[in-house]
file entry-v3.json (JSON, C-alpha atoms)
[["chain", "number", "residue", "atom", "x", "y", "z"],
["A", 1, "MET", "CA", 0.00, 0.00, 0.00],
["A", 2, "PRO", "CA", 1.44, 3.38, -0.98],
["A", 3, "VAL", "CA", 2.56, 5.65, 1.82],
["A", 4, "VAL", "CA", 0.50, 8.85, 1.84],
["A", 5, "GLY", "CA", -0.24, 11.53, 4.40],
["A", 6, "GLU", "CA", -3.60, 12.29, 5.95],
["A", 7, "ARG", "CA", -4.52, 14.86, 3.30],
["A", 8, "GLY", "CA", -3.69, 12.48, 0.47],
["A", 9, "ALA", "CA", -5.56, 9.63, 2.13],
["A", 10, "THR", "CA", -8.60, 11.87, 2.66],
["A", 11, "LEU", "CA", -8.52, 12.77, -1.03],
["A", 12, "CYS", "CA", -8.41, 9.05, -1.85],
["A", 13, "GLY", "CA", -11.51, 8.48, 0.29],
["A", 14, "LEU", "CA", -13.37, 11.33, -1.42],
["A", 15, "MET", "CA", -12.37, 9.95, -4.82],
["A", 16, "ALA", "CA", -13.80, 6.59, -3.77],
["A", 17, "VAL", "CA", -17.15, 8.26, -3.04],
["A", 18, "LEU", "CA", -17.16, 9.84, -6.51],
["A", 19, "LEU", "CA", -16.23, 6.55, -8.19],
["A", 20, "TRP", "CA", -18.92, 4.59, -6.34],
["A", 21, "SER", "CA", -21.44, 7.24, -7.38],
["A", 22, "THR", "CA", -20.98, 6.03, -10.96],
["A", 23, "ALA", "CA", -21.74, 2.37, -10.10],
["A", 24, "THR", "CA", -25.50, 2.38, -10.73],
["A", 25, "GLY", "CA", -25.23, 3.96, -14.17],
["A", 26, "LEU", "CA", -22.19, 1.96, -15.29],
["A", 27, "ILE", "CA", -23.49, -1.43, -14.11],
["A", 28, "ARG", "CA", -26.81, -0.79, -15.84],
["A", 29, "HIS", "CA", -24.94, 0.22, -19.02],
["A", 30, "VAL", "CA", -22.92, -3.03, -18.93],
["A", 31, "ALA", "CA", -26.11, -5.05, -18.38],
["A", 32, "GLN", "CA", -27.74, -3.43, -21.40],
["A", 33, "SER", "CA", -24.69, -4.16, -23.58],
["A", 34, "LEU", "CA", -23.60, -7.61, -22.36],
["A", 35, "GLY", "CA", -26.56, -9.03, -20.42],
["A", 36, "PRO", "CA", -27.52, -8.81, -16.73],
["A", 37, "ILE", "CA", -25.72, -12.01, -15.66],
["A", 38, "GLY", "CA", -22.90, -12.36, -18.18],
["A", 39, "GLY", "CA", -22.14, -8.66, -18.08],
["A", 40, "ALA", "CA", -21.92, -8.70, -14.29],
["A", 41, "ALA", "CA", -19.69, -11.81, -14.40],
["A", 42, "LEU", "CA", -17.29, -10.08, -16.78],
["A", 43, "LEU", "CA", -17.38, -6.91, -14.69],
["A", 44, "TYR", "CA", -16.47, -8.62, -11.41],
["A", 45, "SER", "CA", -13.86, -10.84, -13.08],
["A", 46, "LEU", "CA", -12.04, -7.83, -14.48],
["A", 47, "GLY", "CA", -12.60, -5.97, -11.19],
["A", 48, "ALA", "CA", -10.98, -8.81, -9.24],
["A", 49, "VAL", "CA", -7.90, -8.63, -11.46],
["A", 50, "LEU", "CA", -7.68, -4.86, -11.04],
["A", 51, "LEU", "CA", -8.06, -5.15, -7.26],
["A", 52, "LEU", "CA", -5.29, -7.73, -7.18],
["A", 53, "ILE", "CA", -3.09, -5.13, -8.89],
["A", 54, "PHE", "CA", -4.23, -2.18, -6.76],
["A", 55, "VAL", "CA", -4.46, -3.85, -3.33],
["A", 56, "GLY", "CA", -2.13, -6.83, -3.73],
["A", 57, "ARG", "CA", -2.51, -10.50, -2.89],
["A", 58, "PRO", "CA", -4.06, -11.01, 0.54],
["A", 59, "ARG", "CA", -2.41, -13.28, 3.12],
["A", 60, "LEU", "CA", -5.38, -15.46, 3.94],
["A", 61, "ARG", "CA", -3.68, -17.25, 6.84],
["A", 62, "SER", "CA", -3.66, -14.00, 8.81],
["A", 63, "PHE", "CA", -7.42, -13.47, 8.35],
["A", 64, "PRO", "CA", -9.90, -14.48, 11.08],
["A", 65, "ARG", "CA", -11.73, -17.54, 9.76],
["A", 66, "LEU", "CA", -15.14, -16.34, 10.86],
["A", 67, "TYR", "CA", -14.64, -13.07, 8.98],
["A", 68, "LEU", "CA", -13.53, -14.91, 5.84],
["A", 69, "LEU", "CA", -16.58, -17.18, 5.93],
["A", 70, "LEU", "CA", -19.32, -14.74, 6.94],
["A", 71, "GLY", "CA", -17.77, -11.76, 5.19],
["A", 72, "CYS", "CA", -17.39, -13.64, 1.92],
["A", 73, "LEU", "CA", -20.95, -15.01, 1.99],
["A", 74, "LEU", "CA", -22.47, -11.61, 2.76],
["A", 75, "PHE", "CA", -20.28, -9.70, 0.29],
["A", 76, "VAL", "CA", -21.02, -12.09, -2.56],
["A", 77, "ALA", "CA", -24.74, -12.11, -1.74],
["A", 78, "TYR", "CA", -24.83, -8.31, -1.70],
["A", 79, "GLU", "CA", -22.97, -7.84, -4.97],
["A", 80, "LEU", "CA", -25.24, -10.40, -6.65],
["A", 81, "CYS", "CA", -28.33, -8.60, -5.36],
["A", 82, "PHE", "CA", -27.05, -5.15, -6.32],
["A", 83, "SER", "CA", -25.76, -5.94, -9.81],
["A", 84, "LEU", "CA", -28.69, -8.17, -10.80],
["A", 85, "SER", "CA", -31.31, -5.77, -9.43],
["A", 86, "LEU", "CA", -29.92, -3.14, -11.82],
["A", 87, "GLY", "CA", -29.50, -5.60, -14.68],
["A", 88, "PHE", "CA", -33.07, -6.91, -14.49],
["A", 89, "ALA", "CA", -34.67, -3.44, -14.20],
["A", 90, "ASN", "CA", -37.22, -2.71, -16.93],
["A", 91, "SER", "CA", -35.72, 0.66, -17.85],
["A", 92, "GLY", "CA", -32.97, 3.09, -17.00],
["A", 93, "LYS", "CA", -35.34, 5.09, -14.81],
["A", 94, "GLN", "CA", -36.36, 1.99, -12.87],
["A", 95, "ALA", "CA", -32.69, 1.02, -12.47],
["A", 96, "ILE", "CA", -32.08, 4.39, -10.80],
["A", 97, "GLU", "CA", -35.10, 3.87, -8.51],
["A", 98, "VAL", "CA", -33.83, 0.39, -7.62],
["A", 99, "GLY", "CA", -30.40, 1.85, -6.92],
["A", 100, "LEU", "CA", -31.97, 4.30, -4.45],
["A", 101, "VAL", "CA", -33.70, 1.43, -2.60],
["A", 102, "ASN", "CA", -30.23, -0.05, -2.10],
["A", 103, "TYR", "CA", -29.16, 3.14, -0.28],
["A", 104, "LEU", "CA", -31.28, 2.22, 2.71],
["A", 105, "TRP", "CA", -28.17, 0.37, 3.91],
["A", 106, "PRO", "CA", -26.67, 3.27, 5.94],
["A", 107, "CYS", "CA", -29.74, 3.48, 8.20],
["A", 108, "LEU", "CA", -29.98, -0.30, 8.43],
["A", 109, "THR", "CA", -26.28, -0.47, 9.31],
["A", 110, "VAL", "CA", -26.82, 1.87, 12.24],
["A", 111, "LEU", "CA", -29.87, -0.06, 13.46],
["A", 112, "LEU", "CA", -28.01, -3.37, 13.26],
["A", 113, "ALA", "CA", -24.98, -1.85, 14.96],
["A", 114, "ILE", "CA", -27.21, -1.03, 17.93],
["A", 115, "ALA", "CA", -28.54, -4.60, 18.01],
["A", 116, "MET", "CA", -25.34, -6.50, 17.17],
["A", 117, "ASN", "CA", -22.43, -4.40, 18.41],
["A", 118, "GLY", "CA", -23.94, -2.45, 21.28],
["A", 119, "GLN", "CA", -23.63, 0.87, 19.43],
["A", 120, "LYS", "CA", -25.10, 3.70, 21.47],
["A", 121, "ALA", "CA", -27.38, 6.22, 19.77],
["A", 122, "ARG", "CA", -29.39, 9.30, 20.59],
["A", 123, "TRP", "CA", -33.09, 9.77, 19.91],
["A", 124, "GLY", "CA", -32.28, 11.17, 16.45],
["A", 125, "ILE", "CA", -32.02, 7.61, 15.15],
["A", 126, "VAL", "CA", -35.83, 7.40, 15.05],
["A", 127, "PRO", "CA", -36.61, 10.44, 12.85],
["A", 128, "GLY", "CA", -33.54, 9.72, 10.73],
["A", 129, "THR", "CA", -34.69, 6.19, 9.92],
["A", 130, "ALA", "CA", -38.27, 7.36, 9.34],
["A", 131, "MET", "CA", -37.05, 10.09, 6.98],
["A", 132, "ALA", "CA", -35.00, 7.65, 4.89],
["A", 133, "LEU", "CA", -37.83, 5.11, 4.71],
["A", 134, "PHE", "CA", -40.32, 7.80, 3.73],
["A", 135, "GLY", "CA", -37.89, 8.96, 1.03],
["A", 136, "ILE", "CA", -37.93, 5.47, -0.53],
["A", 137, "VAL", "CA", -41.74, 5.32, -0.31],
["A", 138, "TRP", "CA", -41.94, 8.78, -1.90],
["A", 139, "ILE", "CA", -39.74, 7.61, -4.79],
["A", 140, "VAL", "CA", -41.45, 4.27, -5.40],
["A", 141, "SER", "CA", -45.01, 5.65, -5.16],
["A", 142, "GLY", "CA", -44.63, 7.51, -8.46],
["A", 143, "GLU", "CA", -46.99, 10.43, -7.96],
["A", 144, "GLY", "CA", -48.07, 11.54, -4.51],
["A", 145, "ILE", "CA", -48.52, 8.92, -1.81],
["A", 146, "SER", "CA", -50.66, 6.06, -3.06],
["A", 147, "LEU", "CA", -50.56, 2.49, -1.82],
["A", 148, "ALA", "CA", -52.00, 1.39, -5.14],
["A", 149, "GLY", "CA", -49.23, 3.27, -6.98],
["A", 150, "ILE", "CA", -46.52, 1.72, -4.79],
["A", 151, "ALA", "CA", -47.98, -1.78, -5.28],
["A", 152, "ALA", "CA", -48.26, -1.31, -9.04],
["A", 153, "ASN", "CA", -44.69, -0.02, -9.32],
["A", 154, "ILE", "CA", -43.25, -2.93, -7.34],
["A", 155, "ALA", "CA", -45.50, -5.45, -9.14],
["A", 156, "SER", "CA", -44.10, -4.26, -12.48],
["A", 157, "ASN", "CA", -40.76, -5.81, -11.49],
["A", 158, "PRO", "CA", -40.82, -7.47, -8.06],
["A", 159, "LEU", "CA", -37.49, -9.23, -8.68],
["A", 160, "SER", "CA", -35.46, -6.03, -9.01],
["A", 161, "TYR", "CA", -37.06, -4.29, -6.03],
["A", 162, "THR", "CA", -36.76, -7.40, -3.85],
["A", 163, "LEU", "CA", -33.10, -7.86, -4.77],
["A", 164, "ALA", "CA", -32.36, -4.20, -4.02],
["A", 165, "ALA", "CA", -34.08, -4.27, -0.62],
["A", 166, "SER", "CA", -32.40, -7.58, 0.26],
["A", 167, "GLY", "CA", -29.04, -6.15, -0.80],
["A", 168, "ALA", "CA", -29.47, -3.15, 1.52],
["A", 169, "LEU", "CA", -30.06, -5.44, 4.49],
["A", 170, "ILE", "CA", -27.23, -7.80, 3.52],
["A", 171, "TRP", "CA", -24.72, -4.96, 3.16],
["A", 172, "ALA", "CA", -25.73, -3.59, 6.55],
["A", 173, "LEU", "CA", -25.03, -7.04, 8.01],
["A", 174, "TYR", "CA", -21.69, -7.18, 6.18],
["A", 175, "CYS", "CA", -20.61, -3.82, 7.60],
["A", 176, "ASN", "CA", -21.35, -4.94, 11.15],
["A", 177, "VAL", "CA", -19.77, -8.38, 10.72],
["A", 178, "THR", "CA", -16.65, -6.71, 9.30],
["A", 179, "ARG", "CA", -16.47, -4.27, 12.19],
["A", 180, "ARG", "CA", -16.83, -7.06, 14.73],
["A", 181, "TYR", "CA", -14.74, -9.88, 13.27],
["A", 182, "ALA", "CA", -12.33, -8.54, 10.61],
["A", 183, "ASP", "CA", -9.59, -7.51, 13.05],
["A", 184, "GLY", "CA", -8.42, -4.79, 10.66],
["A", 185, "LYS", "CA", -8.12, -7.17, 7.67],
["A", 186, "ASN", "CA", -9.48, -6.41, 4.21],
["A", 187, "GLY", "CA", -10.73, -9.39, 2.20],
["A", 188, "VAL", "CA", -12.18, -7.43, -0.71],
["A", 189, "VAL", "CA", -9.87, -9.07, -3.30],
["A", 190, "VAL", "CA", -11.00, -12.56, -2.31],
["A", 191, "PHE", "CA", -14.62, -11.48, -2.00],
["A", 192, "PHE", "CA", -14.61, -9.86, -5.44],
["A", 193, "ALA", "CA", -13.14, -13.01, -7.00],
["A", 194, "MET", "CA", -15.75, -15.20, -5.31],
["A", 195, "THR", "CA", -18.49, -12.89, -6.59],
["A", 196, "ALA", "CA", -17.20, -13.43, -10.12],
["A", 197, "VAL", "CA", -17.19, -17.21, -9.58],
["A", 198, "ALA", "CA", -20.78, -17.15, -8.29],
["A", 199, "LEU", "CA", -21.92, -15.10, -11.29],
["A", 200, "TRP", "CA", -20.21, -17.43, -13.78],
["A", 201, "ILE", "CA", -21.93, -20.42, -12.13],
["A", 202, "LYS", "CA", -25.28, -18.63, -12.43],
["A", 203, "TYR", "CA", -24.50, -17.77, -16.04],
["A", 204, "ALA", "CA", -23.70, -21.42, -16.83],
["A", 205, "PHE", "CA", -27.20, -22.45, -15.71],
["A", 206, "SER", "CA", -28.97, -19.62, -17.53],
["A", 207, "ALA", "CA", -30.07, -19.27, -21.14],
["A", 208, "GLU", "CA", -28.23, -15.98, -21.49],
["A", 209, "VAL", "CA", -25.58, -15.58, -24.19],
["A", 210, "ILE", "CA", -22.94, -12.85, -23.97],
["A", 211, "PRO", "CA", -22.85, -10.90, -27.25],
["A", 212, "PRO", "CA", -19.48, -10.16, -28.90],
["A", 213, "LEU", "CA", -17.59, -7.25, -27.38],
["A", 214, "THR", "CA", -17.72, -4.00, -29.32],
["A", 215, "GLY", "CA", -15.79, -0.82, -28.77],
["A", 216, "GLY", "CA", -18.65, 0.71, -26.80],
["A", 217, "SER", "CA", -19.45, -2.34, -24.65],
["A", 218, "GLY", "CA", -15.76, -3.01, -24.00],
["A", 219, "LEU", "CA", -15.17, 0.57, -22.94],
["A", 220, "GLY", "CA", -18.24, 0.47, -20.69],
["A", 221, "LEU", "CA", -17.04, -2.77, -19.10],
["A", 222, "LEU", "CA", -13.57, -1.36, -18.47],
["A", 223, "ALA", "CA", -15.02, 1.86, -17.02],
["A", 224, "ALA", "CA", -17.40, 0.00, -14.68],
["A", 225, "SER", "CA", -14.76, -2.46, -13.46],
["A", 226, "SER", "CA", -12.16, 0.26, -12.98],
["A", 227, "ALA", "CA", -14.55, 2.57, -11.11],
["A", 228, "ILE", "CA", -15.77, -0.09, -8.68],
["A", 229, "ALA", "CA", -12.37, -1.72, -8.11],
["A", 230, "SER", "CA", -10.62, 1.64, -7.71],
["A", 231, "GLY", "CA", -13.38, 2.76, -5.37],
["A", 232, "TYR", "CA", -12.77, -0.17, -3.03],
["A", 233, "ALA", "CA", -8.99, 0.28, -3.13],
["A", 234, "LEU", "CA", -9.13, 4.04, -2.48],
["A", 235, "TRP", "CA", -11.79, 3.68, 0.22],
["A", 236, "ASN", "CA", -9.62, 1.27, 2.16],
["A", 237, "LEU", "CA", -6.71, 3.71, 2.03],
["A", 238, "GLY", "CA", -8.95, 6.63, 3.00],
["A", 239, "ILE", "CA", -10.52, 5.04, 6.07],
["A", 240, "LEU", "CA", -7.14, 3.80, 7.33],
["A", 241, "ARG", "CA", -5.23, 7.08, 7.12],
["A", 242, "GLY", "CA", -7.57, 9.90, 6.14],
["A", 243, "ASN", "CA", -10.04, 12.22, 7.86],
["A", 244, "MET", "CA", -12.79, 9.71, 8.54],
["A", 245, "THR", "CA", -15.31, 12.34, 9.63],
["A", 246, "LEU", "CA", -15.05, 14.20, 6.31],
["A", 247, "ILE", "CA", -15.04, 11.01, 4.23],
["A", 248, "SER", "CA", -18.04, 9.54, 6.05],
["A", 249, "THR", "CA", -20.04, 12.74, 5.70],
["A", 250, "ALA", "CA", -19.30, 12.91, 1.97],
["A", 251, "SER", "CA", -20.30, 9.26, 1.48],
["A", 252, "TYR", "CA", -23.87, 10.00, 2.56],
["A", 253, "PHE", "CA", -24.34, 12.20, -0.50],
["A", 254, "THR", "CA", -23.71, 9.21, -2.79],
["A", 255, "PRO", "CA", -27.45, 8.71, -3.58],
["A", 256, "VAL", "CA", -27.70, 12.23, -5.01],
["A", 257, "LEU", "CA", -24.48, 11.94, -7.02],
["A", 258, "SER", "CA", -25.35, 8.43, -8.18],
["A", 259, "SER", "CA", -28.81, 9.44, -9.41],
["A", 260, "ALA", "CA", -27.47, 12.49, -11.24],
["A", 261, "PHE", "CA", -24.72, 10.50, -13.00],
["A", 262, "ALA", "CA", -27.01, 7.58, -13.89],
["A", 263, "ALA", "CA", -29.71, 9.89, -15.25],
["A", 264, "THR", "CA", -27.13, 11.56, -17.50],
["A", 265, "LEU", "CA", -25.54, 8.28, -18.69],
["A", 266, "LEU", "CA", -28.81, 6.40, -19.23],
["A", 267, "GLY", "CA", -30.79, 9.34, -20.58],
["A", 268, "ALA", "CA", -33.48, 8.92, -17.92],
["A", 269, "SER", "CA", -35.88, 11.73, -17.03],
["A", 270, "LEU", "CA", -36.37, 11.96, -13.26],
["A", 271, "SER", "CA", -39.29, 13.77, -11.66],
["A", 272, "LEU", "CA", -39.18, 16.39, -8.93],
["A", 273, "GLN", "CA", -40.74, 13.82, -6.58],
["A", 274, "PHE", "CA", -37.83, 11.46, -7.25],
["A", 275, "TRP", "CA", -35.28, 14.12, -6.30],
["A", 276, "GLN", "CA", -37.29, 15.02, -3.20],
["A", 277, "GLY", "CA", -37.17, 11.37, -2.12],
["A", 278, "THR", "CA", -33.44, 11.21, -2.87],
["A", 279, "VAL", "CA", -32.78, 14.19, -0.62],
["A", 280, "LEU", "CA", -34.89, 12.60, 2.14],
["A", 281, "VAL", "CA", -32.88, 9.36, 1.93],
["A", 282, "THR", "CA", -29.63, 11.33, 2.11],
["A", 283, "LEU", "CA", -30.71, 13.52, 5.02],
["A", 284, "GLY", "CA", -32.18, 10.56, 6.91],
["A", 285, "SER", "CA", -28.88, 8.67, 6.60],
["A", 286, "LEU", "CA", -26.95, 11.71, 7.80],
["A", 287, "VAL", "CA", -29.23, 12.09, 10.83],
["A", 288, "CYS", "CA", -28.74, 8.40, 11.72],
["A", 289, "TRP", "CA", -24.98, 8.78, 11.43],
["A", 290, "ALA", "CA", -24.98, 11.91, 13.59],
["A", 291, "ALA", "CA", -27.12, 10.15, 16.22],
["A", 292, "THR", "CA", -24.40, 7.55, 16.72],
["A", 293, "ARG", "CA", -21.35, 9.73, 16.15],
["A", 294, "GLN", "CA", -22.16, 11.87, 19.19],
["A", 295, "HIS", "CA", -21.47, 8.83, 21.37],
["A", 296, "THR", "CA", -18.20, 7.89, 19.69],
["A", 297, "PRO", "CA", -15.36, 8.17, 22.25],
["A", 298, "ALA", "CA", -12.36, 10.28, 21.30],
["A", 299, "ALA", "CA", -9.28, 8.42, 20.22]]
call {"tool": "encode", "arguments": {"input": "entry-v3.json", "output": "structure tokens"}}
result
Amino acid sequence: MPVVGERGATLCGLMAVLLWSTATGLIRHVAQSLGPIGGAALLYSLGAVLLLIFVGRPRLRSFPRLYLLLGCLLFVAYELCFSLSLGFANSGKQAIEVGLVNYLWPCLTVLLAIAMNGQKARWGIVPGTAMALFGIVWIVSGEGISLAGIAANIASNPLSYTLAASGALIWALYCNVTRRYADGKNGVVVFFAMTAVALWIKYAFSAEVIPPLTGGSGLGLLAASSAIASGYALWNLGILRGNMTLISTASYFTPVLSSAFAATLLGASLSLQFWQGTVLVTLGSLVCWAATRQHTPAA
């Protein structure tokens, strides 16, 4: 790992946030070009190779076994849910909506931290969670608040919405398992490779056929793999040596940045109600984070 100062590491963490903000749009673009399963398998295969270059080969013998087992299962499950929820979306606009459902994970992470790791929190956790949940409902309902509208929207593609919601919960579990059992280790290279293996197995049992690579699809695949792999590598460097308060705060604006980038890349028209819901999800996550941060002891 390169030796950098706090300012450089903080910049790396902020760059990771920007790179991850492109994930929804780029993964959806790859799915449209190369298929939801095959495209994702190619993406994570190339991403694993890039991570091996950026992060280096992990020394598995030094990793806690429980972290390797649980962390790998949860990481692979999440990446499958996230990538396939975007790949199976009916349109670019729905892919962006599905991506926003995934961003419930910050609030869920805080709630699970209270239950699993004894994290203390102030009363702000309640309105923060409610705000984020209402933001998702506001987005999925379409126009106004209508149970019939929400049901119809979800019924149009229950697989994508279910995968996205499941992914949010799984990632929240992964974050807490990592915090509790990882002992400072980072298994992302192994986890990325296992995600690729799982996707290739799923592809082998599907009827999907990967079309020949073109200049556009190849460039999209390289961009998506590079952005996600670089994001993980830079994030790890940022949280180890950078200003964690600044990086964490910036990360909660990912839903807004992600939606803006995806809308531009996919040519999707997003309503004012969608952006209102996005802001609610972002603010709710920030309130949840602040409710726990006030109890964090000084180093």
call {"tool": "closest_atom_pairs", "arguments": {"input": "entry-v3.json", "of": "segment 28-103 of chain A", "to": "segment 107-131 of chain A", "cutoff": "12 Å", "atoms": "all atoms listed in the file", "output": "Markdown table"}}
result
| residue | atom | partner | partner_atom | distance |
| --- | --- | --- | --- | --- |
| A:Val101 | CA | A:Cys107 | CA | 11.7 |
| A:Asn102 | CA | A:Leu108 | CA | 10.5 |
| A:Tyr103 | CA | A:Cys107 | CA | 8.5 |
call {"tool": "closest_residue", "arguments": {"input": "entry-v3.json", "among": "A:Val279, A:Ile210, A:Leu70, A:Ala41", "to": "Ala260 of chain A", "atoms": "all atoms listed in the file"}}
result
A:Val279
call {"tool": "residues_around", "arguments": {"input": "entry-v3.json", "residues": "Asn153 of chain A", "least_positions_apart": "6", "cutoff": "10 Å", "atoms": "only C-alpha atoms", "output": "list in words"}}
result
Gln94, Val140, Ser141, Gly142, Leu147 and Tyr161 of chain A
call {"tool": "closest_residue", "arguments": {"input": "entry-v3.json", "among": "A:Lys202, A:Arg65, A:Arg241, A:Arg28", "to": "Gly13 of chain A", "atoms": "only C-alpha atoms"}}
result
A:Arg241
call {"tool": "atom_distance", "arguments": {"input": "entry-v3.json", "atom1": "atom CA of Arg179 of chain A", "atom2": "atom CA of Ser226 of chain A"}}
result
25.9 Å
call {"tool": "atom_distance", "arguments": {"input": "entry-v3.json", "atom1": "atom CA of Gly35 of chain A", "atom2": "atom CA of Pro211 of chain A"}}
result
8.0 Å
call {"tool": "residues_around", "arguments": {"input": "entry-v3.json", "residues": "Leu80 of chain A", "least_positions_apart": "3", "cutoff": "9 Å", "atoms": "all atoms listed in the file", "output": "number ranges by chain"}}
result
A: 40, 75-77, 83-85, 163, 167, 195, 198-199
call {"tool": "atom_distance", "arguments": {"input": "entry-v3.json", "atom1": "atom CA of Leu43 of chain A", "atom2": "atom CA of Trp235 of chain A"}}
result
19.1 Å
call {"tool": "residues_around", "arguments": {"input": "entry-v3.json", "residues": "Gly184 of chain A", "least_positions_apart": "6", "cutoff": "12 Å", "atoms": "all atoms listed in the file", "output": "list in words"}}
result
Ser62, Phe63, Pro64, Tyr67, Val177, Thr178, Asn236, Ile239 and Leu240 of chain A
call {"tool": "closest_residue", "arguments": {"input": "entry-v3.json", "among": "A:Pro58, A:Pro106, A:Gly47, A:Gly38", "to": "Ser230 of chain A", "atoms": "all atoms listed in the file"}}
result
A:Gly47
call {"tool": "closest_residue", "arguments": {"input": "entry-v3.json", "among": "A:Ala229, A:Leu221, A:Ala95, A:Ile136", "to": "Ile53 of chain A", "atoms": "all atoms listed in the file"}}
result
A:Ala229
call {"tool": "decode", "arguments": {"input": "entry-v3.json", "residues": "segment 233-257 of chain A", "atoms": "C-alpha atoms", "output": "mmCIF file, in the first residue's frame"}}
result
data_model
loop_
_atom_site.group_PDB
_atom_site.id
_atom_site.type_symbol
_atom_site.label_atom_id
_atom_site.label_comp_id
_atom_site.auth_asym_id
_atom_site.auth_seq_id
_atom_site.Cartn_x
_atom_site.Cartn_y
_atom_site.Cartn_z
ATOM 1 C CA ALA A 233 -8.993 0.284 -3.135
ATOM 2 C CA LEU A 234 -9.132 4.042 -2.482
ATOM 3 C CA TRP A 235 -11.788 3.684 0.218
ATOM 4 C CA ASN A 236 -9.620 1.271 2.159
ATOM 5 C CA LEU A 237 -6.708 3.714 2.027
ATOM 6 C CA GLY A 238 -8.949 6.635 2.997
ATOM 7 C CA ILE A 239 -10.515 5.042 6.070
ATOM 8 C CA LEU A 240 -7.140 3.797 7.331
ATOM 9 C CA ARG A 241 -5.235 7.076 7.121
ATOM 10 C CA GLY A 242 -7.572 9.900 6.138
ATOM 11 C CA ASN A 243 -10.038 12.222 7.858
ATOM 12 C CA MET A 244 -12.791 9.707 8.537
ATOM 13 C CA THR A 245 -15.308 12.337 9.625
ATOM 14 C CA LEU A 246 -15.046 14.198 6.313
ATOM 15 C CA ILE A 247 -15.043 11.011 4.231
ATOM 16 C CA SER A 248 -18.043 9.535 6.054
ATOM 17 C CA THR A 249 -20.040 12.740 5.699
ATOM 18 C CA ALA A 250 -19.302 12.905 1.967
ATOM 19 C CA SER A 251 -20.305 9.260 1.483
ATOM 20 C CA TYR A 252 -23.869 10.001 2.556
ATOM 21 C CA PHE A 253 -24.339 12.196 -0.499
ATOM 22 C CA THR A 254 -23.713 9.212 -2.792
ATOM 23 C CA PRO A 255 -27.453 8.710 -3.577
ATOM 24 C CA VAL A 256 -27.701 12.229 -5.015
ATOM 25 C CA LEU A 257 -24.476 11.944 -7.017
#
